[in-house]
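A short worksheet on the structure shown next.
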Amino acid sequence: MGNSDSMTGNTADNTAANATGYAIGALERAGRVGVETVRDYQRRGLLPQPPKPARLAGAYRRYRVAAVARLRFIRRAQRLGFALDEIAELLQLADGTDRRWIRRIASARLARLEARIADMQRMADTLHHLIHACEDNGRAPHCPIVESITEPGDGR
């Protein structure tokens, strides 16, 4: 993600910031995140904190327009399932020159997602089986669904 202001892809966002950049409220709106999220990302090193302004009445820190693109990158990466530590690595590699490492990060995320999908499919299969067992054994004294949940086991 370089420092280019054109990375936001939205000229309305660019005009929302004056020549000195965004105040935190305007940044949160343009980046579609809350102020606390902006501050959290700063604490984690995902978003640089702008320099303190001169001690003038009403002076606020101003964020560069590129901060909006960075916030949006973080949000899109989160929607793909990346954890914040993985996003931090991707941001460090954002120039794209180390594609092997980027692929390694993405492949590891994909493997974890596929494992979760397989776990969820097993859960769905179990629930299908239990629902049918509940229908087929309507005269049984105990419901197979409740019985399987009550039964001590491995929690699955």
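Chain lettering (A, B, ...) mirrors the order of the structure tokens, residue numbering begins at 1 for each chain separately, and ligand numbering begins at 1 in order of display.
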Original post:
region 91-105 of chain A: which residues within 12 Å, counting only C-alpha atoms, same-chain residues fewer than 4 positions away excluded, as a ChimeraX atom specification?
Top reply: /A:1-3,45-48,69-74,77,81-87,109-112
**OP:** Could you give me the residues within chain A that DSSP places in helix (DSSP H, G or I), as JSON, numbers by chain?
**Re:** {"A": [5, 6, 7, 8, 11, 12, 13, 14, 15, 16, 24, 25, 26, 27, 28, 29, 30, 31, 35, 36, 37, 38, 39, 40, 41, 42, 43, 66, 67, 68, 69, 70, 71, 72, 73, 74, 75, 76, 77, 78, 79, 84, 85, 86, 87, 88, 89, 90, 91, 92, 99, 100, 101, 102, 103, 104, 105, 106, 107, 108, 109, 110, 111, 112, 113, 114, 115, 116, 117, 118, 119, 120, 121, 122, 123, 124, 125, 126, 127, 128, 129, 130, 131, 132, 133, 134, 135, 136, 144, 145, 146, 147, 148, 149, 150]}
**OP:** Please measure the separation of CA of Val68 (chain A) and CA of Ala26 (chain A), giving the value in Å to one decimal.
**Re:**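 Computing the Euclidean distance for CA of Val68 (chain A) and CA of Ala26 (chain A) yields 9.7 Å.
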**OP:** Measure the distance from CA of Ala59 (chain A) to CA of Ile24 (chain A) in Å and round it to one decimal.
**Re:**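 A separation of 12.0 Å between them.
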**OP:** Please provide as a PyMOL selection string all residues within 12 Å of region 117-126 of chain A, with the sequence filter that same-chain residues fewer than 5 positions apart are discarded (counting only C-alpha atoms).
**Re:** chain A and resi 110-112+131-133+144-145+148-149+155-156
Subject >> Between CA of Pro141 (chain A) and CA of His128 (chain A) - distance in Å to one decimal >> reply: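 For CA of His128 (chain A) relative to CA of Pro141 (chain A), the distance reads 20.1 Å.
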**OP:** Write down as a PyMOL selection string the residues of chain A whose backbone DSSP state falls under strand (DSSP E or B).
**Re:** chain A and resi 18+21-22+63
Using C-alpha atoms, can you write the selected residues to a file as a PDB file, in the first residue's frame?
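Written output follows (again-v7.pdb):
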ATOM      1  CA  ASN A  18      -8.629  19.135   3.201  1.00  0.00           C
ATOM      2  CA  GLY A  21      -5.509  15.433   5.559  1.00  0.00           C
ATOM      3  CA  TYR A  22      -8.253  13.911   7.646  1.00  0.00           C
ATOM      4  CA  TYR A  63      -4.181  11.653   8.757  1.00  0.00           C
TER       5      TYR A  63
END
Original post:
Taking into account only C-alpha atoms, which residue in the set A:Ala108, A:Glu114, A:Ala67, A:Thr150 is nearest to Val33 (chain A)?
Top reply: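 Closest candidate: A:Ala67.
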